[in-house]
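Visitor: Contents are compact mmCIF, C-alpha atoms; file name target.txt:
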# COMPACT_ATOMS: atom_id res chain seq x y z
CA MET D 386 -7.80 9.07 -2.89
CA PHE D 387 -6.91 11.67 -5.51
CA ALA D 388 -5.16 13.81 -2.89
CA MET D 389 -3.30 10.79 -1.54
CA SER D 390 -2.08 9.89 -5.03
CA ILE D 391 -0.90 13.44 -5.75
CA GLY D 392 0.73 13.75 -2.34
CA ALA D 393 2.57 10.45 -2.79
CA LEU D 394 3.84 11.50 -6.24
CA VAL D 395 5.04 14.87 -4.95
CA GLY D 396 6.71 13.37 -1.89
CA ALA D 397 8.43 10.61 -3.85
CA THR D 398 9.70 12.96 -6.55
CA TYR D 399 11.22 15.43 -4.13
CA SER D 400 12.64 12.67 -1.92
CA THR D 401 14.66 11.49 -4.92
CA PHE D 402 15.83 15.05 -5.55
CA TYR D 403 16.38 16.47 -2.04
CA GLY D 404 16.41 13.33 0.12
CA ARG D 405 14.03 11.55 2.50
CA ARG D 406 14.39 13.72 5.60
CA PRO D 407 13.37 17.07 4.03
CA VAL D 408 10.18 15.55 2.63
CA TYR D 409 9.14 14.21 6.02
CA LEU D 410 9.85 17.52 7.72
CA CYS D 411 7.89 19.49 5.11
CA THR D 412 4.83 17.26 4.77
CA LEU D 413 4.06 16.34 8.39
CA PRO D 414 3.27 19.98 9.30
CA VAL D 415 0.81 19.94 6.36
CA LEU D 416 -0.85 16.90 7.94
CA PHE D 417 -1.11 18.77 11.24
CA ILE D 418 -2.60 21.90 9.66
CA GLY D 419 -5.02 19.85 7.54
CA SER D 420 -6.20 17.81 10.52
CA ILE D 421 -6.87 20.90 12.63
CA GLY D 422 -8.72 22.40 9.67
CA VAL D 423 -10.89 19.31 9.33
CA SER D 424 -11.69 19.28 13.04
CA THR D 425 -12.86 22.92 12.94
CA ALA D 426 -14.63 22.88 9.54
CA ARG D 427 -18.16 24.32 9.57
CA SER D 428 -19.30 23.49 6.04
CA ILE D 429 -19.00 20.67 3.52
CA PRO D 430 -16.79 22.65 1.07
CA SER D 431 -14.51 23.66 3.94
CA LEU D 432 -14.39 20.07 5.20
CA LEU D 433 -13.47 18.72 1.75
CA THR D 434 -10.78 21.35 1.25
CA TRP D 435 -9.10 20.64 4.57
CA ARG D 436 -9.49 16.90 4.03
CA PHE D 437 -7.61 17.28 0.73
CA ILE D 438 -4.81 19.15 2.49
CA GLN D 439 -4.73 16.56 5.26
CA ALA D 440 -4.38 13.70 2.78
CA MET D 441 -1.67 15.57 0.87
CA GLY D 442 0.35 15.85 4.07
CA ALA D 443 -0.17 12.25 5.16
CA SER D 444 0.38 10.33 1.93
CA PRO D 445 4.11 10.96 1.22
CA ALA D 446 5.12 9.06 4.36
CA SER D 447 4.14 5.69 2.91
CA VAL D 448 6.18 5.91 -0.29
CA VAL D 449 9.13 7.79 1.23
CA GLY D 450 9.27 5.09 3.89
CA THR D 451 9.90 2.48 1.20
CA GLY D 452 12.76 4.63 -0.05
CA VAL D 453 14.27 4.69 3.44
CA ILE D 454 14.04 0.90 3.63
CA GLY D 455 15.71 0.60 0.24
CA ASP D 456 18.47 2.91 1.43
CA ILE D 457 19.41 1.03 4.58
CA PHE D 458 18.56 -2.64 3.97
CA LYS D 459 20.37 -5.11 1.71
CA ILE D 460 18.48 -7.19 -0.87
CA GLU D 461 18.50 -10.26 1.39
CA GLU D 462 16.99 -8.26 4.30
CA ARG D 463 14.58 -6.05 2.41
CA GLY D 464 11.62 -8.43 2.29
CA ARG D 465 11.24 -8.61 6.07
CA ALA D 466 11.56 -4.84 6.45
CA MET D 467 9.08 -4.08 3.67
CA SER D 468 6.49 -6.52 5.00
CA VAL D 469 6.61 -5.05 8.50
CA PHE D 470 6.41 -1.53 7.08
CA PHE D 471 3.38 -2.28 4.91
CA ALA D 472 1.69 -4.22 7.69
CA ALA D 473 1.71 -1.00 9.70
CA THR D 474 0.28 1.00 6.79
CA LEU D 475 -2.40 -1.59 6.06
CA VAL D 476 -3.41 -1.99 9.70
CA GLY D 477 -4.24 1.72 9.82
CA PRO D 478 -7.45 1.43 7.76
CA SER D 479 -8.53 -1.37 10.08
CA LEU D 480 -7.90 0.53 13.32
CA ALA D 481 -9.33 3.82 12.03
CA PRO D 482 -12.99 2.72 11.96
CA LEU D 483 -12.76 1.41 15.52
CA ALA D 484 -11.17 4.61 16.81
CA GLY D 485 -13.42 6.79 14.68
CA GLY D 486 -16.54 4.86 15.61
CA TYR D 487 -15.71 5.05 19.31
CA ALA D 488 -14.98 8.77 19.11
CA THR D 489 -18.15 9.45 17.12
CA HIS D 490 -20.38 7.39 19.39
CA TYR D 491 -19.05 8.64 22.72
CA TYR D 492 -17.46 12.02 21.91
CA SER D 493 -17.25 13.71 18.51
CA TRP D 494 -15.67 12.97 15.15
CA ARG D 495 -13.88 16.32 15.46
CA ALA D 496 -11.92 15.00 18.43
CA MET D 497 -10.59 12.16 16.26
CA GLN D 498 -9.37 14.58 13.58
CA GLY D 499 -7.69 16.79 16.14
CA THR D 500 -5.96 13.73 17.57
CA LEU D 501 -4.58 12.89 14.12
CA GLY D 502 -3.10 16.39 13.95
CA VAL D 503 -1.41 15.98 17.32
CA LEU D 504 -0.03 12.59 16.29
CA GLY D 505 1.37 14.17 13.14
CA LEU D 506 3.11 16.79 15.25
CA ILE D 507 4.54 14.12 17.55
CA ALA D 508 5.82 12.17 14.52
CA PHE D 509 7.43 15.36 13.21
CA SER D 510 9.26 15.83 16.52
CA PHE D 511 10.57 12.26 16.55
CA LEU D 512 11.76 12.47 12.95
CA TYR D 513 13.36 15.87 13.44
CA PHE D 514 15.54 14.64 16.28
CA LEU D 515 16.04 10.96 15.40
CA LEU D 516 15.94 10.48 11.61
CA PRO D 517 19.14 11.23 9.68
CA GLU D 518 19.23 11.48 5.91
CA THR D 519 19.30 7.91 4.59
CA SER D 520 19.96 8.57 0.90
CA GLN D 521 23.35 7.28 -0.17
CA PRO D 522 26.03 9.97 -0.64
CA GLY D 523 25.92 11.31 -4.17
CA GLU D 524 22.66 9.54 -5.02
CA ARG D 525 20.31 12.51 -4.61
CA ASP D 526 19.61 14.51 -7.76
CA ILE D 527 20.65 17.71 -6.02
CA ASP D 528 24.08 16.18 -5.35
CA LYS D 529 24.55 15.75 -9.09
CA MET D 530 23.82 19.40 -9.92
CA LYS D 531 26.78 21.63 -10.68
CA GLN D 532 25.00 24.77 -9.47
CA LYS D 533 22.65 24.69 -6.51
CA LYS D 534 20.59 27.85 -6.30
CA GLY D 535 17.55 27.95 -4.07
CA PHE D 536 14.50 25.78 -4.59
CA THR D 537 14.36 23.62 -7.72
CA PHE D 538 11.00 22.68 -9.18
CA VAL D 539 10.70 19.01 -10.09
CA ASN D 540 7.79 17.66 -12.12
CA PRO D 541 5.75 15.72 -9.52
CA LEU D 542 4.17 13.59 -12.24
CA ARG D 543 7.44 12.18 -13.51
CA PRO D 544 7.10 8.91 -11.51
CA LEU D 545 4.09 8.02 -13.66
CA TRP D 546 6.44 7.71 -16.64
CA LEU D 547 7.95 4.67 -14.90
CA LEU D 548 4.70 2.80 -15.58
CA ARG D 549 5.73 2.40 -19.20
CA GLY D 550 7.90 -0.42 -17.85
CA PRO D 551 5.79 -3.59 -18.33
CA THR D 552 6.79 -5.13 -15.00
CA LEU D 553 5.92 -2.02 -12.98
CA PHE D 554 2.59 -1.65 -14.74
CA ALA D 555 1.73 -5.32 -14.28
CA ILE D 556 2.63 -5.33 -10.57
CA ALA D 557 0.29 -2.36 -10.05
CA ILE D 558 -2.54 -4.31 -11.69
CA ILE D 559 -1.81 -7.43 -9.66
CA LEU D 560 -1.74 -5.56 -6.35
CA SER D 561 -4.89 -3.66 -7.32
CA ALA D 562 -6.73 -6.94 -7.74
CA CYS D 563 -5.55 -8.15 -4.33
CA ILE D 564 -6.21 -4.95 -2.39
CA THR D 565 -9.62 -4.54 -4.02
CA THR D 566 -10.68 -7.65 -2.11
CA VAL D 567 -9.97 -5.76 1.11
CA TRP D 568 -11.99 -2.66 0.26
CA VAL D 569 -14.87 -4.59 -1.30
CA GLN D 570 -15.33 -6.21 2.11
CA LEU D 571 -14.56 -3.23 4.36
CA ILE D 572 -16.36 -0.36 2.61
CA PRO D 573 -19.86 -1.95 2.79
CA LEU D 574 -19.18 -3.68 6.11
CA ALA D 575 -21.90 -1.74 7.95
CA TYR D 576 -24.34 -3.25 5.46
CA THR D 577 -22.91 -6.70 4.76
CA ILE D 578 -22.12 -7.48 8.41
CA GLY D 579 -23.81 -4.71 10.40
CA GLU D 580 -27.31 -5.09 8.93
CA ARG D 581 -26.97 -8.82 8.26
CA TYR D 582 -26.02 -9.68 11.85
CA ASN D 583 -27.76 -6.80 13.68
CA VAL D 584 -24.61 -4.89 14.67
CA HIS D 585 -25.61 -1.22 14.82
CA ASN D 586 -23.30 0.36 17.40
CA GLU D 587 -20.66 2.46 15.57
CA ALA D 588 -17.90 1.32 17.91
CA LEU D 589 -18.80 -2.37 17.45
CA ILE D 590 -18.96 -1.98 13.67
CA GLY D 591 -15.53 -0.36 13.84
CA ALA D 592 -14.28 -3.34 15.85
CA CYS D 593 -15.31 -5.61 12.98
CA PHE D 594 -12.53 -4.01 10.92
CA LEU D 595 -9.89 -5.25 13.35
CA PRO D 596 -9.52 -8.84 12.04
CA SER D 597 -8.34 -7.52 8.69
CA GLY D 598 -5.63 -5.41 10.34
CA LEU D 599 -4.57 -8.26 12.62
CA GLY D 600 -4.35 -10.45 9.54
CA ASN D 601 -1.98 -7.92 7.96
CA LEU D 602 0.29 -8.13 10.99
CA VAL D 603 0.32 -11.93 10.95
CA GLY D 604 0.91 -11.96 7.20
CA ALA D 605 3.88 -9.63 7.63
CA VAL D 606 5.45 -11.86 10.27
CA ILE D 607 5.09 -14.85 7.95
CA ILE D 608 6.05 -13.44 4.57
CA GLY D 609 9.01 -11.24 5.48
CA PRO D 610 11.45 -14.07 6.23
CA VAL D 611 9.95 -16.20 3.43
CA SER D 612 10.53 -13.42 0.90
CA ASP D 613 14.18 -13.01 1.88
CA ARG D 614 14.83 -16.75 2.05
CA THR D 615 13.34 -17.13 -1.43
CA VAL D 616 15.83 -14.59 -2.80
CA ILE D 617 18.77 -16.28 -1.06
CA ARG D 618 17.75 -19.82 -2.08
CA TRP D 619 17.20 -19.04 -5.74
CA ARG D 620 20.35 -16.97 -5.91
CA GLN D 621 22.27 -20.01 -4.71
CA LYS D 622 20.50 -22.19 -7.28
CA ARG D 623 21.60 -19.78 -10.02
CA GLY D 624 25.23 -19.91 -8.93
CA GLY D 625 25.21 -16.51 -7.22
CA ILE D 626 23.38 -14.71 -10.04
CA TRP D 627 20.66 -12.35 -8.84
CA TYR D 628 17.38 -12.61 -10.75
CA PRO D 629 14.99 -10.00 -9.24
CA GLU D 630 11.79 -11.82 -10.17
CA ASP D 631 12.71 -14.73 -7.89
CA ARG D 632 11.38 -12.70 -4.95
CA LEU D 633 7.91 -12.74 -6.51
CA ARG D 634 7.73 -16.52 -6.04
CA ALA D 635 6.94 -15.85 -2.37
CA ALA D 636 3.69 -14.14 -3.41
CA LEU D 637 2.40 -16.98 -5.62
CA PHE D 638 0.81 -19.09 -2.89
CA PRO D 639 -1.22 -16.34 -1.17
CA ILE D 640 -2.43 -14.92 -4.50
CA LEU D 641 -3.48 -18.36 -5.73
CA THR D 642 -5.15 -19.56 -2.53
CA ILE D 643 -5.56 -17.33 0.52
CA VAL D 644 -6.72 -14.05 -1.06
CA PRO D 645 -9.37 -15.38 -3.50
CA THR D 646 -10.59 -18.18 -1.23
CA SER D 647 -11.12 -15.88 1.76
CA ILE D 648 -13.27 -13.39 -0.14
CA LEU D 649 -15.24 -16.12 -1.88
CA VAL D 650 -16.00 -17.92 1.38
CA SER D 651 -16.89 -14.58 2.97
CA GLY D 652 -19.64 -14.04 0.40
CA LEU D 653 -21.01 -17.55 0.87
CA VAL D 654 -21.04 -17.19 4.65
CA ASN D 655 -22.82 -13.85 4.41
CA ARG D 656 -25.59 -15.38 2.33
CA PHE D 657 -26.07 -18.78 3.91
CA VAL D 658 -24.93 -18.66 7.57
CA ASP D 659 -27.12 -16.81 10.08
CA GLY D 660 -26.62 -15.55 13.62
CA THR D 661 -23.47 -15.64 15.70
CA PRO D 662 -21.80 -18.44 13.68
CA GLY D 663 -22.15 -16.33 10.54
CA LEU D 664 -20.67 -13.27 12.23
CA VAL D 665 -17.72 -15.25 13.61
CA LEU D 666 -17.00 -16.89 10.25
CA SER D 667 -17.21 -13.54 8.49
CA LEU D 668 -14.61 -12.08 10.85
CA ILE D 669 -12.38 -15.12 10.31
CA CYS D 670 -12.59 -14.53 6.56
CA LEU D 671 -11.57 -10.90 7.05
CA PHE D 672 -8.59 -12.07 9.09
CA ALA D 673 -7.57 -14.63 6.45
CA ASN D 674 -7.92 -12.03 3.71
CA GLY D 675 -5.68 -9.64 5.66
CA VAL D 676 -3.05 -12.38 6.01
CA GLY D 677 -3.17 -13.18 2.30
CA VAL D 678 -3.09 -9.59 1.05
CA ASP D 679 -0.03 -8.69 3.13
CA MET D 680 1.70 -11.89 2.04
CA ALA D 681 1.11 -10.82 -1.56
CA PHE D 682 1.91 -7.15 -1.04
CA GLY D 683 5.22 -7.54 0.79
CA PRO D 684 7.22 -9.41 -1.89
CA CYS D 685 5.74 -7.32 -4.72
CA ALA D 686 6.61 -4.03 -3.02
CA ALA D 687 10.11 -5.25 -2.16
CA TYR D 688 10.52 -6.32 -5.79
CA LEU D 689 9.79 -2.77 -6.97
CA VAL D 690 12.46 -1.44 -4.61
CA ASP D 691 14.88 -4.12 -5.83
CA ILE D 692 14.56 -3.27 -9.51
CA MET D 693 14.30 0.52 -9.06
CA HIS D 694 16.63 1.07 -6.12
CA SER D 695 17.73 4.59 -7.05
CA ARG D 696 14.10 5.64 -7.60
CA SER D 697 12.42 3.29 -5.16
CA ALA D 698 10.05 5.87 -3.66
CA GLU D 699 8.99 7.03 -7.13
CA SER D 700 8.30 3.47 -8.29
CA LEU D 701 6.05 2.87 -5.27
CA ALA D 702 4.35 6.26 -5.78
CA ALA D 703 3.57 5.45 -9.41
CA ASN D 704 2.31 2.05 -8.34
CA SER D 705 0.17 3.64 -5.62
CA ALA D 706 -1.30 6.22 -8.00
CA LEU D 707 -2.41 3.63 -10.53
CA ARG D 708 -3.69 1.36 -7.76
CA SER D 709 -5.72 4.19 -6.23
CA LEU D 710 -7.35 4.91 -9.58
CA ILE D 711 -8.19 1.26 -10.20
CA ILE D 712 -9.39 0.56 -6.66
CA SER D 713 -11.57 3.69 -6.52
CA VAL D 714 -13.31 2.62 -9.73
CA ALA D 715 -13.60 -0.98 -8.53
CA VAL D 716 -15.13 0.03 -5.19
CA ALA D 717 -17.52 2.44 -6.91
CA ILE D 718 -18.68 -0.40 -9.16
CA SER D 719 -18.77 -3.03 -6.42
CA LEU D 720 -21.29 -1.24 -4.22
CA PRO D 721 -24.03 -1.14 -6.91
CA MET D 722 -23.12 -4.74 -7.79
CA ILE D 723 -23.76 -5.85 -4.22
CA ASP D 724 -27.16 -4.15 -4.29
CA ARG D 725 -28.12 -5.59 -7.66
CA PHE D 726 -26.52 -9.04 -7.77
CA GLY D 727 -25.53 -9.81 -4.19
CA VAL D 728 -22.45 -10.28 -2.05
CA VAL D 729 -21.63 -13.77 -3.35
CA GLU D 730 -21.56 -12.72 -6.99
CA THR D 731 -19.51 -9.59 -6.30
CA ASN D 732 -17.00 -11.45 -4.17
CA ALA D 733 -16.76 -14.24 -6.74
CA LEU D 734 -15.86 -11.72 -9.44
CA CYS D 735 -13.10 -10.31 -7.19
CA ALA D 736 -11.77 -13.84 -6.63
CA VAL D 737 -11.66 -14.48 -10.39
CA LEU D 738 -9.71 -11.27 -10.94
CA VAL D 739 -7.18 -12.33 -8.30
CA TRP D 740 -6.76 -15.71 -10.02
CA ILE D 741 -6.14 -13.90 -13.31
CA SER D 742 -3.52 -11.75 -11.57
CA TYR D 743 -1.83 -14.97 -10.40
CA GLY D 744 -1.32 -15.89 -14.04
CA ALA D 745 0.13 -12.44 -14.72
CA LEU D 746 2.53 -12.80 -11.78
CA TRP D 747 3.73 -16.18 -13.00
CA PHE D 748 4.32 -14.69 -16.46
CA ILE D 749 6.49 -11.94 -14.92
CA ILE D 750 8.53 -14.53 -13.01
CA CYS D 751 9.13 -16.57 -16.17
CA HIS D 752 9.82 -13.67 -18.54
CA GLY D 753 10.95 -10.84 -16.25
CA GLU D 754 14.34 -10.35 -17.87
CA ARG D 755 12.84 -9.92 -21.33
CA LEU D 756 10.11 -7.62 -20.01
CA ARG D 757 12.69 -5.40 -18.34
CA ALA D 758 14.78 -5.33 -21.51
CA TRP D 759 11.74 -4.37 -23.58
CA VAL D 760 11.55 -0.87 -22.06
CA ASP D 761 14.61 0.31 -20.13
CA ILE D 762 13.54 2.75 -17.41
CA GLY D 763 16.80 2.62 -15.47
CA TYR D 764 16.50 -0.69 -13.71
CA SER D 765 18.93 -1.50 -10.92
CA VAL D 766 21.52 -4.23 -11.20
CA GLY D 767 23.22 -6.23 -8.46
CA ASP D 768 26.16 -3.83 -8.23
CA THR D 769 23.87 -0.80 -7.64
CA ASN D 770 21.61 -2.47 -5.12
Would you mind giving the structure from this file in structure tokens?

Guide:
Amino acid sequence: MFAMSIGALVGATYSTFYGRRPVYLCTLPVLFIGSIGVSTARSIPSLLTWRFIQAMGASPASVVGTGVIGDIFKIEERGRAMSVFFAATLVGPSLAPLAGGYATHYYSWRAMQGTLGVLGLIAFSFLYFLLPETSQPGERDIDKMKQKKGFTFVNPLRPLWLLRGPTLFAIAIILSACITTVWVQLIPLAYTIGERYNVHNEALIGACFLPSGLGNLVGAVIIGPVSDRTVIRWRQKRGGIWYPEDRLRAALFPILTIVPTSILVSGLVNRFVDGTPGLVLSLICLFANGVGVDMAFGPCAAYLVDIMHSRSAESLAANSALRSLIISVAVAISLPMIDRFGVVETNALCAVLVWISYGALWFIICHGERLRAWVDIGYSVGDTN
């Protein structure tokens, strides 16, 4: 997670300076090299080193992708595009255990890592031939320099300074609470579902991750149009005035109901429902949680692009870095909690945190303009969006 955070910060910073295309073309070869290194590693230190390099090469794609969306989609179309994009990124962690479990059980985990490298190379080829530079003319930092001499070093940690904006910081906390519900269920899944319902085959345990990813896809299909329609409807109500926080209204319902209810019911099912009915209900809860998390994530991510259009990738990178820190700590704490107190109690705590984040989101919607005025970090306005 540390490598992914650093990689995202580096990729976002340089995409603002040099543009989106150069970052893709420089980082995907790093993913390829790191993946081949992982697949051939012969010791734990070597494995960890190559895994760090692999993550550094893979992570910029997620935040730079949001920058591309911000470049080419209008405000009224951005919600649908962002939701589909993040559905794809969130479905990855759900498909990976199935693919990895199948490869490990029937072949070798090394084959899976080598495959990732090949896929990275294929992605590089597609982007090289098909992706033009999407940054608006004159918007890149390098375009604003009077003298352009060779490579320019840019502080990769500068996106973190955006978190001094109250709205950006609060959105990171809110999304951390929501996404924690995903990892608290998926990380111990081999124990909470595998041991509980006698599922021991690695491939079958990996298949149990699929409902969460499918839920992300369904959530994206639902929330994308809702997010954009919310912006259009409230803009009309305000006489054509754009108020960025209106988009966040689309995330209120899933954060209040779907996300906390699904994880709470999941814990209760795990404790009280045995056999096949318990397994089926647990998978349904994972699906519902995936739907709810993507419905919350899409509008919040699009909101960050809306208010930080010129530095959209950096705003998402800063958000991702803080989220990674919070989620890694939360997951590290949750596993001992499950052992000591139980699944119900741990899941209930996660649900309470999500409900608290609902209150924070409502506060941002009501007082967003004042919060943005409190610390000016270069927010976008309607004319620059």

Visitor: Would you write out, as CSV, a table of all residues in segment 507-569 of chain D that have an atom no more than 10 Å from an atom of segment 742-763 of chain D, listing for each the closest atom pair and the distance in Å to one decimal, considering all atoms listed in the file and ordering rows by chain and rising residue number?

Guide:
residue,atom,partner,partner_atom,distance
D:Trp546,CA,D:Ile762,CA,8.7
D:Leu547,CA,D:Ile762,CA,6.4
D:Leu548,CA,D:Ile762,CA,9.0
D:Arg549,CA,D:Val760,CA,7.3
D:Gly550,CA,D:Val760,CA,5.6
D:Pro551,CA,D:Leu756,CA,6.1
D:Thr552,CA,D:Leu756,CA,6.5
D:Leu553,CA,D:Arg757,CA,9.3
D:Ala555,CA,D:Ala745,CA,7.3
D:Ile556,CA,D:Leu746,CA,7.6
D:Ile558,CA,D:Ser742,CA,7.5
D:Ile559,CA,D:Ser742,CA,5.0
D:Leu560,CA,D:Ser742,CA,8.3
D:Ser561,CA,D:Ser742,CA,9.2
D:Ala562,CA,D:Ser742,CA,6.9
D:Cys563,CA,D:Ser742,CA,8.3

Visitor: Write out as an mmCIF file with C-alpha atoms, keeping the file's coordinate frame each polymer residue whose atoms come within 9 Å of Ala473 of chain D, counting only C-alpha atoms; drop sequence neighbours fewer than 3 positions from it.

Guide:
data_model
loop_
_atom_site.group_PDB
_atom_site.id
_atom_site.type_symbol
_atom_site.label_atom_id
_atom_site.label_comp_id
_atom_site.auth_asym_id
_atom_site.auth_seq_id
_atom_site.Cartn_x
_atom_site.Cartn_y
_atom_site.Cartn_z
ATOM 1 C CA SER D 468 6.490 -6.520 5.000
ATOM 2 C CA VAL D 469 6.610 -5.050 8.500
ATOM 3 C CA PHE D 470 6.410 -1.530 7.080
ATOM 4 C CA VAL D 476 -3.410 -1.990 9.700
ATOM 5 C CA GLY D 477 -4.240 1.720 9.820
ATOM 6 C CA GLY D 598 -5.630 -5.410 10.340
ATOM 7 C CA ASN D 601 -1.980 -7.920 7.960
ATOM 8 C CA LEU D 602 0.290 -8.130 10.990
#

Visitor: Give me, as JSON lines, each residue of segment 543-562 of chain D that comes within 6 Å of segment 697-706 of chain D, together with its shortest interatomic pair and the distance in Å at one decimal, counting only C-alpha atoms, with rows ordered by chain and rising residue number.

Guide:
{"residue": "D:Pro544", "atom": "CA", "partner": "D:Glu699", "partner_atom": "CA", "distance": 5.1}
{"residue": "D:Leu545", "atom": "CA", "partner": "D:Ala703", "partner_atom": "CA", "distance": 5.0}
{"residue": "D:Ala557", "atom": "CA", "partner": "D:Asn704", "partner_atom": "CA", "distance": 5.1}

Visitor: Please write as a short mmCIF file (atom, residue, chain, number, x, y, z; two decimals) with C-alpha atoms, in the frame of the given file the list of polymer residues whose atoms come within 9 Å of (17.2, 1.5, 2.0), counting only C-alpha atoms and keeping to the coordinates of the file.

Guide:
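The resulting file, point13.cif, is reproduced below:
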data_model
loop_
_atom_site.label_atom_id
_atom_site.label_comp_id
_atom_site.auth_asym_id
_atom_site.auth_seq_id
_atom_site.Cartn_x
_atom_site.Cartn_y
_atom_site.Cartn_z
CA GLY D 450 9.27 5.09 3.89
CA THR D 451 9.90 2.48 1.20
CA GLY D 452 12.76 4.63 -0.05
CA VAL D 453 14.27 4.69 3.44
CA ILE D 454 14.04 0.90 3.63
CA GLY D 455 15.71 0.60 0.24
CA ASP D 456 18.47 2.91 1.43
CA ILE D 457 19.41 1.03 4.58
CA PHE D 458 18.56 -2.64 3.97
CA LYS D 459 20.37 -5.11 1.71
CA ARG D 463 14.58 -6.05 2.41
CA THR D 519 19.30 7.91 4.59
CA SER D 520 19.96 8.57 0.90
CA GLN D 521 23.35 7.28 -0.17
CA VAL D 690 12.46 -1.44 -4.61
CA HIS D 694 16.63 1.07 -6.12
CA SER D 697 12.42 3.29 -5.16
#

Visitor: For atom CA of Leu633 of chain D and atom CA of Val449 of chain D, quote the distance in Å rounded to one decimal.

Guide: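 Calculated distance between atom CA of Leu633 of chain D and atom CA of Val449 of chain D is 22.0 Å.
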
Visitor: Tell me which residues come within 7 Å of (15.3, 10.1, -3.3), as a PyMOL selection string, counting only C-alpha atoms in the file's coordinates.

Guide: chain D and resi 397+399-405+452+520+525+696+698

Visitor: When you count all atoms listed in the file, which of these residues is closest to Ser420 of chain D: D:Ala496, D:Ala484, D:Ile648, D:Leu664?

Guide: D:Ala496

Visitor: Name the closest residue to Pro541 of chain D among the candidates D:Ala592, D:Ile692, D:Ile391, D:Val714; distances are taken between atoms, counting only C-alpha atoms.

Guide: D:Ile391

Visitor: So which one's closest to Phe726 of chain D, D:Arg495, D:Gly505, D:Leu589, D:Gly652? Using all atoms listed in the file, please.

Guide: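 Selected residue with least distance to Phe726 of chain D: D:Gly652.
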
Visitor: With only C-alpha atoms as the atoms that count, which of D:Gly675, D:Pro721, D:Gly419, D:Gly609 lies nearest to Ala443 of chain D?

Guide: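 Residue with the minimum atom-to-atom distance to Ala443 of chain D: D:Gly419.
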
Visitor: Just how far from atom CA of Leu504 of chain D is atom CA of Pro407 of chain D, in Å to one decimal?

Guide: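 According to the coordinates, atom CA of Pro407 of chain D and atom CA of Leu504 of chain D are separated by 18.7 Å.
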
Visitor: Can you list, as a PyMOL selection string, every protein, DNA or RNA residue that comes within 12 Å of Arg614 of chain D when you count all atoms listed in the file, leaving out same-chain residues fewer than 6 positions away?

Guide: chain D and resi 460-465+607-608+620-621+631-635+684

Visitor: Choose the residue, out of D:Pro430, D:Pro629, D:Gly660, D:Gly442, that has the smallest atom-to-atom separation from Leu413 of chain D; count all atoms listed in the file.

Guide: D:Gly442

Visitor: Just to confirm, what's the straight-line distance from atom CA of Met441 of chain D to atom CA of Ile590 of chain D in Å (one decimal)?

Guide: 27.8 Å

Visitor: Pick from D:Gly624, D:Pro445, D:Pro610, D:Gly604: nearest to Val644 of chain D, with all atoms listed in the file counted?

Guide: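 Answer, going by the shortest atom-to-atom distance: D:Gly604.
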
Visitor: Fewer than 4 positions away in the same chain doesn't count, so skip those; otherwise give me all residues within 8 Å of Arg406 of chain D, counting only C-alpha atoms, as a ChimeraX atom specification.

Guide: /D:400,410,512,516-519

Visitor: Residues near Met497 of chain D, anyone? I mean within 9 Å using all atoms listed in the file, not counting same-chain ones fewer than 4 positions away, as number ranges by chain.

Guide: D: 424, 484-485, 488-489, 492-493, 501-502

Visitor: Can you give me N, CA and C atoms for segment 624-634 of chain D, written as a PDB file, keeping the file's coordinate frame?

Guide:
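In the end it all went to result_19.pdb:
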ATOM      1  N   GLY D 624      23.790 -20.079  -9.008  1.00  0.00           N
ATOM      2  CA  GLY D 624      25.230 -19.910  -8.930  1.00  0.00           C
ATOM      3  C   GLY D 624      25.664 -18.513  -8.536  1.00  0.00           C
ATOM      4  N   GLY D 625      24.875 -17.855  -7.685  1.00  0.00           N
ATOM      5  CA  GLY D 625      25.210 -16.510  -7.220  1.00  0.00           C
ATOM      6  C   GLY D 625      24.672 -15.395  -8.090  1.00  0.00           C
ATOM      7  N   ILE D 626      23.953 -15.736  -9.152  1.00  0.00           N
ATOM      8  CA  ILE D 626      23.380 -14.710 -10.040  1.00  0.00           C
ATOM      9  C   ILE D 626      22.044 -14.247  -9.469  1.00  0.00           C
ATOM     10  N   TRP D 627      21.891 -12.932  -9.377  1.00  0.00           N
ATOM     11  CA  TRP D 627      20.660 -12.350  -8.840  1.00  0.00           C
ATOM     12  C   TRP D 627      19.646 -12.142  -9.951  1.00  0.00           C
ATOM     13  N   TYR D 628      18.495 -12.764  -9.815  1.00  0.00           N
ATOM     14  CA  TYR D 628      17.380 -12.610 -10.750  1.00  0.00           C
ATOM     15  C   TYR D 628      16.226 -11.991  -9.956  1.00  0.00           C
ATOM     16  N   PRO D 629      15.931 -10.703 -10.138  1.00  0.00           N
ATOM     17  CA  PRO D 629      14.990 -10.000  -9.240  1.00  0.00           C
ATOM     18  C   PRO D 629      13.634 -10.658  -9.108  1.00  0.00           C
ATOM     19  N   GLU D 630      13.148 -11.252 -10.196  1.00  0.00           N
ATOM     20  CA  GLU D 630      11.790 -11.820 -10.170  1.00  0.00           C
ATOM     21  C   GLU D 630      11.661 -13.038  -9.260  1.00  0.00           C
ATOM     22  N   ASP D 631      12.790 -13.595  -8.810  1.00  0.00           N
ATOM     23  CA  ASP D 631      12.710 -14.730  -7.890  1.00  0.00           C
ATOM     24  C   ASP D 631      11.964 -14.369  -6.610  1.00  0.00           C
ATOM     25  N   ARG D 632      12.070 -13.108  -6.177  1.00  0.00           N
ATOM     26  CA  ARG D 632      11.380 -12.700  -4.950  1.00  0.00           C
ATOM     27  C   ARG D 632       9.865 -12.859  -5.085  1.00  0.00           C
ATOM     28  N   LEU D 633       9.352 -12.677  -6.286  1.00  0.00           N
ATOM     29  CA  LEU D 633       7.910 -12.740  -6.510  1.00  0.00           C
ATOM     30  C   LEU D 633       7.338 -14.143  -6.279  1.00  0.00           C
ATOM     31  N   ARG D 634       8.205 -15.159  -6.289  1.00  0.00           N
ATOM     32  CA  ARG D 634       7.730 -16.520  -6.040  1.00  0.00           C
ATOM     33  C   ARG D 634       7.074 -16.635  -4.661  1.00  0.00           C
TER      34      ARG D 634
END
